[in-house]
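**Student:** I am sharing work33.tsv, which consists of TSV, C-alpha atoms (C1' of nucleotides):
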chain	number	residue	atom	x	y	z
A	1	MET	CA	74.26	38.42	21.04
A	2	LYS	CA	73.86	38.93	17.38
A	3	LEU	CA	75.72	37.25	14.58
A	4	SER	CA	76.00	39.15	11.36
A	5	THR	CA	78.58	39.61	8.67
A	6	LYS	CA	79.30	42.85	10.48
A	7	SER	CA	80.51	40.88	13.46
A	8	ARG	CA	82.55	38.65	11.21
A	9	TYR	CA	84.19	41.60	9.55
A	10	ALA	CA	85.13	42.98	12.93
A	11	VAL	CA	86.60	39.70	14.11
A	12	THR	CA	88.49	39.26	10.85
A	13	ALA	CA	89.96	42.73	11.09
A	14	MET	CA	90.98	42.30	14.71
A	15	LEU	CA	92.61	39.03	13.86
A	16	ASP	CA	94.60	40.67	11.10
A	17	LEU	CA	95.62	43.31	13.58
A	18	ALA	CA	96.67	40.76	16.17
A	19	ILE	CA	98.83	38.95	13.64
A	20	HIS	CA	100.65	41.94	12.27
A	21	ASP	CA	100.94	44.34	15.16
A	22	ARG	CA	104.42	43.31	16.24
A	23	VAL	CA	105.89	45.07	13.22
A	24	GLY	CA	104.19	48.32	14.14
A	25	PRO	CA	100.75	49.86	13.71
A	26	VAL	CA	98.58	48.40	11.01
A	27	THR	CA	96.77	50.72	8.63
A	28	LEU	CA	93.15	50.23	7.76
A	29	ALA	CA	94.19	50.46	4.12
A	30	ASP	CA	96.26	47.30	4.57
A	31	ILE	CA	93.45	45.44	6.24
A	32	SER	CA	91.06	46.61	3.57
A	33	GLN	CA	93.35	45.21	0.86
A	34	THR	CA	94.18	41.95	2.51
A	35	GLN	CA	90.78	41.05	3.90
A	36	GLY	CA	88.65	42.57	1.18
A	37	ILE	CA	86.65	44.89	3.41
A	38	SER	CA	85.74	48.41	2.35
A	39	LEU	CA	87.94	51.06	3.93
A	40	SER	CA	85.10	53.31	5.00
A	41	TYR	CA	83.30	50.42	6.55
A	42	LEU	CA	86.40	49.50	8.48
A	43	GLU	CA	86.58	53.03	9.77
A	44	GLN	CA	83.10	52.74	11.16
A	45	LEU	CA	83.89	49.45	12.83
A	46	PHE	CA	87.15	50.66	14.31
A	47	ALA	CA	85.49	53.75	15.70
A	48	LYS	CA	83.40	51.45	17.84
A	49	LEU	CA	86.30	49.18	18.70
A	50	ARG	CA	88.26	52.19	19.84
A	51	LYS	CA	85.44	53.47	22.02
A	52	GLN	CA	85.35	50.09	23.74
A	53	GLY	CA	89.07	50.26	24.40
A	54	LEU	CA	89.99	47.31	22.24
A	55	VAL	CA	92.24	49.19	19.84
A	56	ALA	CA	94.19	52.44	19.85
A	57	GLY	CA	94.73	54.63	16.82
A	58	VAL	CA	98.14	56.10	15.96
A	59	ARG	CA	97.91	59.13	13.74
A	60	GLY	CA	100.23	60.47	11.14
A	61	PRO	CA	102.49	58.74	8.62
A	62	GLY	CA	103.61	55.36	9.80
A	63	GLY	CA	100.53	55.26	11.99
A	64	GLY	CA	97.63	52.88	12.03
A	65	TYR	CA	95.94	50.84	14.72
A	66	ARG	CA	97.32	48.71	17.53
A	67	LEU	CA	95.69	46.42	20.00
A	68	ALA	CA	94.96	48.29	23.20
A	69	GLN	CA	95.12	45.08	25.21
A	70	PRO	CA	97.28	41.97	24.96
A	71	ALA	CA	95.87	39.50	22.45
A	72	HIS	CA	95.30	36.86	25.09
A	73	GLU	CA	92.94	39.18	26.95
A	74	ILE	CA	90.70	40.03	24.01
A	75	THR	CA	87.89	37.58	23.48
A	76	VAL	CA	85.86	37.15	20.32
A	77	ALA	CA	82.74	37.89	22.36
A	78	SER	CA	84.05	41.29	23.36
A	79	ILE	CA	84.69	42.21	19.74
A	80	ILE	CA	81.21	41.27	18.68
A	81	THR	CA	79.46	43.09	21.47
A	82	ALA	CA	81.62	46.13	20.71
A	83	VAL	CA	80.44	46.54	17.13
A	84	ASP	CA	76.90	45.28	17.62
A	85	GLU	CA	76.01	47.48	20.52
A	86	ASN	CA	72.42	46.41	20.11
A	87	VAL	CA	73.05	43.32	22.17
A	88	LYS	CA	69.46	42.47	22.84
A	89	MET	CA	68.12	40.10	20.23
A	90	THR	CA	64.64	41.58	20.29
A	91	ARG	CA	62.33	43.68	22.38
A	92	CYS	CA	62.11	40.52	24.49
A	93	GLN	CA	65.42	40.66	26.26
A	94	GLY	CA	64.94	43.74	28.36
A	95	SER	CA	62.45	42.89	31.06
A	96	GLY	CA	60.30	40.27	29.43
A	97	ASP	CA	57.50	42.48	28.20
A	98	CYS	CA	57.63	40.97	24.75
A	99	HIS	CA	53.93	40.44	24.37
A	100	ASP	CA	51.12	42.26	26.09
A	101	GLY	CA	53.42	43.10	28.93
A	102	GLN	CA	53.94	39.37	29.47
A	103	ARG	CA	56.90	37.28	28.48
A	104	CYS	CA	56.43	35.25	25.36
A	105	LEU	CA	56.62	31.48	25.30
A	106	THR	CA	60.08	31.33	23.83
A	107	HIS	CA	61.61	33.98	26.05
A	108	GLN	CA	63.48	31.52	28.21
A	109	LEU	CA	64.73	29.44	25.31
A	110	TRP	CA	66.17	32.43	23.53
A	111	ASP	CA	67.89	33.53	26.68
A	112	GLU	CA	69.55	30.16	27.10
A	113	LEU	CA	70.57	30.19	23.49
A	114	SER	CA	72.08	33.61	23.79
A	115	GLU	CA	74.05	32.46	26.79
A	116	GLN	CA	75.33	29.36	25.00
A	117	LEU	CA	76.65	31.53	22.23
A	118	PHE	CA	78.26	34.00	24.54
A	119	THR	CA	79.95	31.33	26.59
A	120	PHE	CA	81.37	29.76	23.47
A	121	LEU	CA	82.69	33.00	22.03
A	122	ASP	CA	83.91	34.28	25.35
A	123	GLY	CA	86.16	31.26	25.62
A	124	ILE	CA	88.11	32.14	22.51
A	125	THR	CA	90.79	34.80	22.64
A	126	LEU	CA	92.41	36.51	19.69
A	127	ASP	CA	95.65	34.95	20.73
A	128	GLN	CA	94.30	31.38	20.63
A	129	PHE	CA	92.56	32.01	17.39
A	130	ALA	CA	95.58	33.48	15.66
A	131	ASN	CA	97.63	30.41	16.50
A	132	ARG	CA	95.31	27.88	14.93
A	133	PRO	CA	97.00	25.99	12.12
A	134	GLU	CA	94.27	26.77	9.61
A	135	VAL	CA	94.51	30.45	10.36
A	136	GLN	CA	98.29	30.42	10.11
A	137	GLN	CA	98.05	28.81	6.74
A	138	ILE	CA	95.68	31.44	5.41
A	139	VAL	CA	97.91	34.17	6.79
A	140	ARG	CA	100.92	32.80	4.90
A	141	ARG	CA	98.96	32.78	1.68
A	142	GLN	CA	97.78	36.31	2.26
A	143	GLN	CA	101.35	37.41	2.92
A	144	GLN	CA	102.32	36.30	-0.54
A	145	GLN	CA	99.38	37.93	-2.27
A	146	HIS	CA	99.46	41.14	-0.25
A	147	PRO	CA	102.96	41.72	1.11
A	148	ARG	CA	103.18	44.23	3.96
A	149	PRO	CA	106.44	46.15	3.82
A	150	ALA	CA	107.20	47.46	7.28
A	151	HIS	CA	107.47	51.24	7.48
A	152	PRO	CA	111.06	52.50	7.56
A	153	HIS	CA	110.49	54.00	10.95
A	154	PHE	CA	109.95	50.59	12.43
A	155	ILE	CA	113.05	48.96	11.05
A	156	PHE	CA	115.81	49.79	13.44
A	157	GLY	CA	117.10	46.55	14.81
A	158	ARG	CA	117.41	44.92	11.42
A	159	SER	CA	120.14	44.59	8.83
A	160	ALA	CA	118.29	46.98	6.56
A	161	ALA	CA	120.87	49.73	6.32
B	162	MET	CA	71.57	28.71	11.18
B	163	LYS	CA	69.98	32.05	11.56
B	164	LEU	CA	68.22	33.51	14.54
B	165	SER	CA	65.60	36.11	13.89
B	166	THR	CA	62.25	37.07	15.31
B	167	LYS	CA	60.88	35.12	12.39
B	168	SER	CA	62.36	31.95	13.83
B	169	ARG	CA	61.02	32.84	17.23
B	170	TYR	CA	57.56	33.41	15.88
B	171	ALA	CA	57.65	30.03	14.21
B	172	VAL	CA	58.78	28.25	17.35
B	173	THR	CA	56.20	30.07	19.43
B	174	ALA	CA	53.43	29.13	17.03
B	175	MET	CA	54.50	25.50	16.88
B	176	LEU	CA	54.62	25.39	20.63
B	177	ASP	CA	51.10	26.74	20.83
B	178	LEU	CA	50.08	24.10	18.36
B	179	ALA	CA	51.74	21.32	20.31
B	180	ILE	CA	50.00	22.38	23.49
B	181	HIS	CA	46.51	22.64	22.07
B	182	ASP	CA	46.33	20.03	19.36
B	183	ARG	CA	44.81	17.29	21.48
B	184	VAL	CA	41.47	19.13	21.42
B	185	GLY	CA	41.46	19.21	17.63
B	186	PRO	CA	42.98	21.37	14.93
B	187	VAL	CA	44.16	24.79	15.98
B	188	THR	CA	43.25	27.77	13.83
B	189	LEU	CA	45.77	30.38	12.88
B	190	ALA	CA	43.31	32.97	14.11
B	191	ASP	CA	43.59	31.50	17.61
B	192	ILE	CA	47.36	31.50	17.52
B	193	SER	CA	47.34	35.03	16.20
B	194	GLN	CA	45.19	36.21	19.10
B	195	THR	CA	46.98	34.33	21.84
B	196	GLN	CA	50.56	34.88	20.75
B	197	GLY	CA	50.13	38.31	19.24
B	198	ILE	CA	51.41	37.45	15.78
B	199	SER	CA	49.84	38.85	12.62
B	200	LEU	CA	47.51	36.37	10.93
B	201	SER	CA	48.85	36.86	7.43
B	202	TYR	CA	52.36	36.48	8.67
B	203	LEU	CA	51.43	33.24	10.36
B	204	GLU	CA	50.02	32.01	7.07
B	205	GLN	CA	53.35	32.60	5.39
B	206	LEU	CA	55.21	30.78	8.12
B	207	PHE	CA	52.84	27.84	8.12
B	208	ALA	CA	53.09	27.50	4.36
B	209	LYS	CA	56.76	26.74	4.87
B	210	LEU	CA	56.17	24.51	7.85
B	211	ARG	CA	53.68	22.54	5.82
B	212	LYS	CA	56.08	22.14	2.90
B	213	GLN	CA	58.62	20.70	5.32
B	214	GLY	CA	56.09	18.20	6.61
B	215	LEU	CA	55.98	19.57	10.13
B	216	VAL	CA	52.30	20.49	10.15
B	217	ALA	CA	49.19	19.48	8.22
B	218	GLY	CA	46.35	21.82	7.35
B	219	VAL	CA	42.72	20.79	7.81
B	220	ARG	CA	40.39	22.83	5.64
B	221	GLY	CA	36.85	23.90	6.16
B	222	PRO	CA	34.96	24.97	9.28
B	223	GLY	CA	36.31	23.35	12.40
B	224	GLY	CA	39.61	23.02	10.62
B	225	GLY	CA	43.00	24.41	11.44
B	226	TYR	CA	46.47	22.98	11.73
B	227	ARG	CA	47.79	19.86	13.40
B	228	LEU	CA	51.26	18.55	14.01
B	229	ALA	CA	52.22	16.19	11.23
B	230	GLN	CA	54.64	14.38	13.51
B	231	PRO	CA	54.54	13.48	17.20
B	232	ALA	CA	55.74	16.35	19.36
B	233	HIS	CA	58.70	14.39	20.67
B	234	GLU	CA	60.06	14.01	17.16
B	235	ILE	CA	59.96	17.68	16.22
B	236	THR	CA	63.06	19.59	17.22
B	237	VAL	CA	63.38	23.32	17.55
B	238	ALA	CA	66.19	23.20	15.01
B	239	SER	CA	63.92	21.66	12.38
B	240	ILE	CA	61.39	24.44	12.85
B	241	ILE	CA	63.96	27.14	12.42
B	242	THR	CA	65.55	25.67	9.35
B	243	ALA	CA	62.06	25.20	7.88
B	244	VAL	CA	61.15	28.88	7.96
B	245	ASP	CA	64.64	30.25	7.38
B	246	GLU	CA	65.47	28.18	4.36
B	247	ASN	CA	68.50	30.35	3.83
B	248	VAL	CA	70.51	28.26	6.22
B	249	LYS	CA	73.92	29.53	5.24
B	250	MET	CA	74.94	32.47	7.33
B	251	THR	CA	76.78	34.20	4.52
B	252	ARG	CA	78.29	33.62	1.14
B	253	CYS	CA	81.02	31.95	3.17
B	254	GLN	CA	79.30	28.70	4.04
B	255	GLY	CA	79.03	27.15	0.63
B	256	SER	CA	82.48	26.12	-0.45
B	257	GLY	CA	84.69	28.62	1.27
B	258	ASP	CA	85.06	31.12	-1.52
B	259	CYS	CA	84.20	34.01	0.71
B	260	HIS	CA	87.05	36.24	-0.36
B	261	ASP	CA	88.97	36.21	-3.59
B	262	GLY	CA	88.12	32.57	-4.08
B	263	GLN	CA	89.84	31.84	-0.78
B	264	ARG	CA	88.27	31.17	2.55
B	265	CYS	CA	88.29	34.08	4.93
B	266	LEU	CA	90.07	34.03	8.26
B	267	THR	CA	86.95	33.49	10.31
B	268	HIS	CA	85.44	30.82	8.12
B	269	GLN	CA	86.27	27.99	10.47
B	270	LEU	CA	85.16	29.81	13.59
B	271	TRP	CA	81.76	30.62	12.13
B	272	ASP	CA	81.33	27.04	11.09
B	273	GLU	CA	81.99	25.81	14.60
B	274	LEU	CA	79.65	28.40	15.99
B	275	SER	CA	76.92	27.39	13.64
B	276	GLU	CA	77.35	23.81	14.67
B	277	GLN	CA	77.20	24.66	18.36
B	278	LEU	CA	73.91	26.39	17.80
B	279	PHE	CA	72.46	23.60	15.78
B	280	THR	CA	73.48	20.95	18.27
B	281	PHE	CA	71.87	22.90	21.06
B	282	LEU	CA	68.59	23.49	19.24
B	283	ASP	CA	68.50	20.01	17.81
B	284	GLY	CA	68.53	18.61	21.30
B	285	ILE	CA	65.27	20.28	22.24
B	286	THR	CA	61.98	18.78	21.10
B	287	LEU	CA	58.61	20.50	21.13
B	288	ASP	CA	57.51	17.94	23.65
B	289	GLN	CA	60.30	18.71	26.11
B	290	PHE	CA	59.84	22.38	25.68
B	291	ALA	CA	56.10	22.31	26.22
B	292	ASN	CA	56.54	20.53	29.52
B	293	ARG	CA	58.85	23.05	31.08
B	294	PRO	CA	57.37	24.59	34.21
B	295	GLU	CA	57.89	28.15	32.99
B	296	VAL	CA	56.12	27.40	29.75
B	297	GLN	CA	53.25	25.65	31.52
B	298	GLN	CA	52.79	28.68	33.69
B	299	ILE	CA	52.58	31.05	30.75
B	300	VAL	CA	50.13	28.72	29.04
B	301	ARG	CA	47.83	28.79	32.05
B	302	ARG	CA	47.86	32.57	32.07
B	303	GLN	CA	47.14	32.68	28.35
B	304	GLN	CA	44.25	30.28	28.83
B	305	GLN	CA	42.60	32.77	31.14
B	306	GLN	CA	43.13	35.74	28.89
B	307	HIS	CA	42.31	33.97	25.64
B	308	PRO	CA	40.06	30.98	26.33
B	309	ARG	CA	39.83	28.43	23.51
B	310	PRO	CA	36.41	26.86	23.31
B	311	ALA	CA	36.71	23.50	21.58
B	312	HIS	CA	34.63	23.17	18.44
B	313	PRO	CA	31.39	21.22	18.98
B	314	HIS	CA	32.52	18.60	16.55
B	315	PHE	CA	35.37	17.64	18.79
B	316	ILE	CA	33.41	17.26	21.97
B	317	PHE	CA	32.03	13.77	21.88
B	318	GLY	CA	33.42	11.90	24.81
B	319	ARG	CA	32.60	14.59	27.33
B	320	SER	CA	29.74	15.37	29.66
B	321	ALA	CA	28.84	18.32	27.51
B	322	ALA	CA	25.29	17.34	26.68
C	323	DC	C1'	24.66	27.07	-0.21
C	324	DT	C1'	27.29	29.37	2.83
C	325	DA	C1'	30.44	30.40	6.16
C	326	DA	C1'	34.81	28.94	8.14
C	327	DA	C1'	39.00	27.94	7.50
C	328	DC	C1'	43.21	27.19	4.72
C	329	DC	C1'	45.94	28.77	0.68
C	330	DT	C1'	48.43	31.93	-2.55
C	331	DG	C1'	50.83	35.74	-4.31
C	332	DA	C1'	51.60	40.39	-4.93
C	333	DC	C1'	52.36	44.51	-2.52
C	334	DT	C1'	54.07	47.86	1.19
C	335	DT	C1'	56.87	49.51	4.92
C	336	DA	C1'	60.79	50.06	8.23
C	337	DG	C1'	65.15	49.30	9.35
C	338	DA	C1'	69.57	47.60	9.00
C	339	DA	C1'	73.80	46.16	6.47
C	340	DG	C1'	77.10	47.63	3.66
C	341	DG	C1'	79.22	51.14	1.30
C	342	DT	C1'	80.30	56.15	-0.42
C	343	DC	C1'	81.70	60.86	0.00
C	344	DG	C1'	83.79	64.95	1.70
C	345	DG	C1'	85.98	67.02	4.86
C	346	DG	C1'	88.45	67.52	8.94
C	347	DA	C1'	92.68	66.86	12.86
C	348	DA	C1'	97.01	64.94	14.27
C	349	DT	C1'	101.61	63.63	13.31
C	350	DT	C1'	105.84	62.62	10.81
C	351	DG	C1'	109.63	63.31	7.23
C	352	DT	C1'	111.86	66.77	4.66
D	353	DA	C1'	107.02	75.54	7.57
D	354	DC	C1'	104.91	72.28	4.74
D	355	DA	C1'	103.19	68.48	2.58
D	356	DA	C1'	102.07	63.70	2.93
D	357	DT	C1'	99.95	60.24	5.57
D	358	DT	C1'	97.02	58.55	8.51
D	359	DC	C1'	93.15	58.46	11.75
D	360	DC	C1'	88.66	60.60	12.66
D	361	DC	C1'	83.81	62.06	11.93
D	362	DG	C1'	79.25	62.70	10.09
D	363	DA	C1'	76.06	62.83	6.54
D	364	DC	C1'	74.35	60.33	2.77
D	365	DC	C1'	73.04	56.49	-0.46
D	366	DT	C1'	71.71	51.78	-2.02
D	367	DT	C1'	70.17	47.25	-1.52
D	368	DC	C1'	68.09	43.59	0.97
D	369	DT	C1'	65.17	41.40	4.22
D	370	DA	C1'	62.02	41.02	7.99
D	371	DA	C1'	57.55	41.95	9.00
D	372	DG	C1'	53.18	43.01	7.88
D	373	DT	C1'	49.09	44.00	4.64
D	374	DC	C1'	45.75	43.07	1.14
D	375	DA	C1'	42.89	40.82	-2.09
D	376	DG	C1'	41.66	37.31	-3.75
D	377	DG	C1'	41.17	32.32	-4.27
D	378	DT	C1'	39.95	26.80	-2.87
D	379	DT	C1'	38.26	23.26	0.16
D	380	DT	C1'	34.84	21.44	3.19
D	381	DA	C1'	31.62	20.98	7.40
D	382	DG	C1'	27.04	22.22	8.61
Translate the structure described by the file into structure tokens.
**Tutor:**
Amino acid sequence: MKLSTKSRYAVTAMLDLAIHDRVGPVTLADISQTQGISLSYLEQLFAKLRKQGLVAGVRGPGGGYRLAQPAHEITVASIITAVDENVKMTRCQGSGDCHDGQRCLTHQLWDELSEQLFTFLDGITLDQFANRPEVQQIVRRQQQQHPRPAHPHFIFGRSAA
Amino acid sequence: MKLSTKSRYAVTAMLDLAIHDRVGPVTLADISQTQGISLSYLEQLFAKLRKQGLVAGVRGPGGGYRLAQPAHEITVASIITAVDENVKMTRCQGSGDCHDGQRCLTHQLWDELSEQLFTFLDGITLDQFANRPEVQQIVRRQQQQHPRPAHPHFIFGRSAA
DNA sequence: CTAAACCTGACTTAGAAGGTCGGGAATTGT
DNA sequence: ACAATTCCCGACCTTCTAAGTCAGGTTTAG
């Protein structure tokens, strides 16, 4: 379990996706704009998220990304492990041959720590997270600064024409 | 709160110190041998630990390092924050101006996470840790592979002469 | 005085984070 | 059919930090 800004970017992007996906696929360009993450970097992250079956890409105009699972089934932990495939903190994790073929003094502690983290993050789903009041508030502000016009294709039940 | 091998090295070294300091100061050379950490690197780490008042250096022959506080008052968290002075995980931590002068979506989550970690590590003292059965076992093995003869100066109450 | 230890700071190296670039392949609207 | 839009892919670059090295100090017990 590793915690980097990379992980945070991934979680942020997935959250954005979870919030907006009911109006159709979300483009990486939108996420890039709204969340301030480089487009190319997002592409790298989403490649991994796709391989892990967390999102599905929709090609062509009007396309973008959608969640491949319902938001209440996607945990923050699963997102982080998806983009940071190098789950083991150090050479230690594997089979305990961290030092001279023996396990180092702190091996056990780091294991416990890792588990604490995982348990915490595994208990939070995208769904729960998206519904937090603080998050909602930020989303509203972002809506004003970076409006997301729905693609024409996805307006069919509305009073738009 | 940051978790690197650097932190682990520091905790390992402090643990070694806590275990052996009743027979006098412990040299960095000893720790380097026993724990497999580069001597110069240890010196860097201990410079920081000393500045934070966790250890005290004793110069000259027969010298080394001692704990500057009783082992039951030193927490793992204090060791980690001592060597990783850059406590903030990202630009985010400071005042929440992570993105466009606004706080990013995951700001709150990362804060909570950081706190979870800290609480966990702050609840573990060197003392507690050193007395764990697993740790004791490793120490015994290390004693056989890397015996630590006490310096003559510190043998005065024994049947050594 | 000298050797053992701490102390200091500058330097090097490896690897990862974060980002860029250029070109594809699929799909939709016209 | 065709062009625009989007995902998709891989190579590359830059910057930063962990981790380690090196070369010199300074203090102090014997």
**Student:** For chain B, which residues have at least one atom within 10 Å of chain C, if we go by all atoms listed in the file? Write them as number ranges by chain, please.
**Tutor:** B: 188-190, 204-205, 208, 218-226
**Student:** Please superimpose chain B upon chain A, fitting all C-alpha atoms matched one to one in order, and report the result as a short mmCIF file (atom, residue, chain, number, x, y, z; two decimals) with C-alpha atoms, in the frame of the given file.
**Tutor:**
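Generated output (out25.cif):
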data_model
loop_
_atom_site.label_atom_id
_atom_site.label_comp_id
_atom_site.auth_asym_id
_atom_site.auth_seq_id
_atom_site.Cartn_x
_atom_site.Cartn_y
_atom_site.Cartn_z
CA MET B 162 74.27 38.44 20.97
CA LYS B 163 73.89 38.94 17.31
CA LEU B 164 75.75 37.30 14.49
CA SER B 165 76.05 39.21 11.28
CA THR B 166 78.65 39.72 8.60
CA LYS B 167 79.37 42.92 10.45
CA SER B 168 80.55 40.92 13.44
CA ARG B 169 82.58 38.70 11.18
CA TYR B 170 84.23 41.64 9.53
CA ALA B 171 85.17 43.02 12.91
CA VAL B 172 86.64 39.74 14.10
CA THR B 173 88.52 39.29 10.85
CA ALA B 174 89.98 42.77 11.07
CA MET B 175 90.99 42.34 14.70
CA LEU B 176 92.62 39.06 13.85
CA ASP B 177 94.60 40.71 11.09
CA LEU B 178 95.62 43.35 13.56
CA ALA B 179 96.69 40.81 16.15
CA ILE B 180 98.82 38.99 13.63
CA HIS B 181 100.63 42.00 12.25
CA ASP B 182 100.91 44.41 15.13
CA ARG B 183 104.37 43.37 16.25
CA VAL B 184 105.86 45.15 13.22
CA GLY B 185 104.15 48.40 14.15
CA PRO B 186 100.73 49.94 13.69
CA VAL B 187 98.57 48.44 10.99
CA THR B 188 96.76 50.75 8.61
CA LEU B 189 93.14 50.27 7.73
CA ALA B 190 94.16 50.49 4.10
CA ASP B 191 96.26 47.34 4.56
CA ILE B 192 93.44 45.48 6.24
CA SER B 193 91.06 46.63 3.55
CA GLN B 194 93.31 45.25 0.82
CA THR B 195 94.17 41.98 2.49
CA GLN B 196 90.77 41.07 3.89
CA GLY B 197 88.66 42.59 1.16
CA ILE B 198 86.64 44.90 3.38
CA SER B 199 85.68 48.42 2.33
CA LEU B 200 87.92 51.06 3.88
CA SER B 201 85.14 53.37 4.98
CA TYR B 202 83.30 50.50 6.52
CA LEU B 203 86.40 49.53 8.44
CA GLU B 204 86.62 53.07 9.75
CA GLN B 205 83.12 52.80 11.16
CA LEU B 206 83.90 49.49 12.81
CA PHE B 207 87.15 50.71 14.29
CA ALA B 208 85.48 53.80 15.69
CA LYS B 209 83.40 51.48 17.82
CA LEU B 210 86.29 49.22 18.68
CA ARG B 211 88.24 52.24 19.82
CA LYS B 212 85.40 53.51 21.99
CA GLN B 213 85.34 50.12 23.70
CA GLY B 214 89.05 50.31 24.39
CA LEU B 215 89.98 47.35 22.23
CA VAL B 216 92.22 49.23 19.82
CA ALA B 217 94.18 52.49 19.83
CA GLY B 218 94.68 54.70 16.80
CA VAL B 219 98.09 56.17 15.97
CA ARG B 220 97.79 59.24 13.77
CA GLY B 221 100.08 60.62 11.16
CA PRO B 222 102.29 58.92 8.58
CA GLY B 223 103.51 55.54 9.73
CA GLY B 224 100.46 55.37 11.94
CA GLY B 225 97.62 52.92 12.02
CA TYR B 226 95.93 50.89 14.69
CA ARG B 227 97.30 48.77 17.51
CA LEU B 228 95.69 46.46 20.00
CA ALA B 229 94.97 48.34 23.18
CA GLN B 230 95.12 45.14 25.19
CA PRO B 231 97.29 42.02 24.94
CA ALA B 232 95.88 39.56 22.43
CA HIS B 233 95.29 36.91 25.06
CA GLU B 234 92.94 39.22 26.92
CA ILE B 235 90.71 40.08 23.98
CA THR B 236 87.89 37.63 23.44
CA VAL B 237 85.88 37.19 20.30
CA ALA B 238 82.75 37.92 22.31
CA SER B 239 84.06 41.34 23.33
CA ILE B 240 84.69 42.25 19.71
CA ILE B 241 81.23 41.30 18.64
CA THR B 242 79.46 43.11 21.42
CA ALA B 243 81.62 46.16 20.68
CA VAL B 244 80.43 46.57 17.10
CA ASP B 245 76.90 45.27 17.61
CA GLU B 246 76.03 47.43 20.56
CA ASN B 247 72.45 46.33 20.17
CA VAL B 248 73.10 43.24 22.21
CA LYS B 249 69.50 42.33 22.88
CA MET B 250 68.16 40.02 20.26
CA THR B 251 64.68 41.48 20.33
CA ARG B 252 62.38 43.60 22.39
CA CYS B 253 62.12 40.45 24.48
CA GLN B 254 65.44 40.58 26.28
CA GLY B 255 64.94 43.64 28.40
CA SER B 256 62.45 42.79 31.09
CA GLY B 257 60.30 40.18 29.46
CA ASP B 258 57.51 42.39 28.22
CA CYS B 259 57.64 40.93 24.77
CA HIS B 260 53.93 40.38 24.40
CA ASP B 261 51.10 42.16 26.13
CA GLY B 262 53.39 43.01 29.01
CA GLN B 263 53.95 39.30 29.51
CA ARG B 264 56.92 37.25 28.51
CA CYS B 265 56.46 35.20 25.39
CA LEU B 266 56.64 31.43 25.33
CA THR B 267 60.12 31.28 23.87
CA HIS B 268 61.63 33.93 26.08
CA GLN B 269 63.52 31.48 28.25
CA LEU B 270 64.77 29.38 25.37
CA TRP B 271 66.21 32.39 23.57
CA ASP B 272 67.91 33.49 26.72
CA GLU B 273 69.61 30.14 27.13
CA LEU B 274 70.61 30.16 23.51
CA SER B 275 72.10 33.58 23.80
CA GLU B 276 74.08 32.47 26.79
CA GLN B 277 75.38 29.38 25.01
CA LEU B 278 76.66 31.56 22.23
CA PHE B 279 78.27 34.03 24.52
CA THR B 280 79.98 31.37 26.58
CA PHE B 281 81.39 29.81 23.46
CA LEU B 282 82.70 33.06 21.99
CA ASP B 283 83.93 34.33 25.32
CA GLY B 284 86.16 31.32 25.60
CA ILE B 285 88.12 32.19 22.49
CA THR B 286 90.81 34.86 22.63
CA LEU B 287 92.42 36.57 19.66
CA ASP B 288 95.65 34.97 20.70
CA GLN B 289 94.29 31.43 20.62
CA PHE B 290 92.55 32.04 17.38
CA ALA B 291 95.57 33.50 15.65
CA ASN B 292 97.62 30.45 16.49
CA ARG B 293 95.31 27.92 14.93
CA PRO B 294 96.99 26.01 12.13
CA GLU B 295 94.24 26.79 9.63
CA VAL B 296 94.50 30.48 10.35
CA GLN B 297 98.29 30.43 10.12
CA GLN B 298 98.03 28.82 6.74
CA ILE B 299 95.67 31.45 5.40
CA VAL B 300 97.91 34.17 6.78
CA ARG B 301 100.90 32.78 4.90
CA ARG B 302 98.94 32.75 1.67
CA GLN B 303 97.77 36.31 2.25
CA GLN B 304 101.34 37.38 2.91
CA GLN B 305 102.30 36.26 -0.57
CA GLN B 306 99.39 37.92 -2.29
CA HIS B 307 99.47 41.12 -0.26
CA PRO B 308 102.96 41.69 1.13
CA ARG B 309 103.20 44.22 3.96
CA PRO B 310 106.44 46.15 3.86
CA ALA B 311 107.18 47.47 7.33
CA HIS B 312 107.50 51.23 7.54
CA PRO B 313 111.12 52.43 7.64
CA HIS B 314 110.57 53.93 11.03
CA PHE B 315 109.95 50.54 12.51
CA ILE B 316 112.99 48.82 11.13
CA PHE B 317 115.76 49.60 13.54
CA GLY B 318 116.99 46.37 14.97
CA ARG B 319 117.32 44.64 11.63
CA SER B 320 120.05 44.12 9.09
CA ALA B 321 118.25 46.43 6.73
CA ALA B 322 121.00 48.96 6.23
#
**Student:** Would you mind listing, for every residue of chain D within 8 Å of chain A, the two atoms forming the shortest contact and the distance between them in Å to one decimal, using all atoms listed in the file, sorted by chain and ascending residue number, as CSV?
**Tutor:**
residue,atom,partner,partner_atom,distance
D:DA356,C1',A:Pro61,CA,7.6
D:DT357,C1',A:Pro61,CA,4.2
D:DT358,C1',A:Gly60,CA,4.6
D:DC359,C1',A:Arg59,CA,5.2
**Student:** Would you give me, as a VMD selection string, the residues of chain A that come within 8 Å of chain B, using all atoms listed in the file?
**Tutor:** chain A and resid 4 to 5 8 11 to 12 15 35 to 36 89 to 90 99 to 100 103 to 106 113 116 to 117 120 135 138 to 139
**Student:** Work out how far apart CA of Thr75 in chain A and CA of Ala238 in chain B are and give it in Å to one decimal.
**Tutor:** 27.4 Å
**Student:** Can you work out the spacing between CA of Gly185 in chain B and CA of Arg227 in chain B in Å, to one decimal?
**Tutor:**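 Those two atoms sit 7.6 Å apart.
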**Student:** Using Å and a single decimal, report how far CA of Ala232 in chain B sits from CA of Asp288 in chain B.
**Tutor:**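 Between CA of Asp288 in chain B and CA of Ala232 in chain B the gap works out to 4.9 Å.
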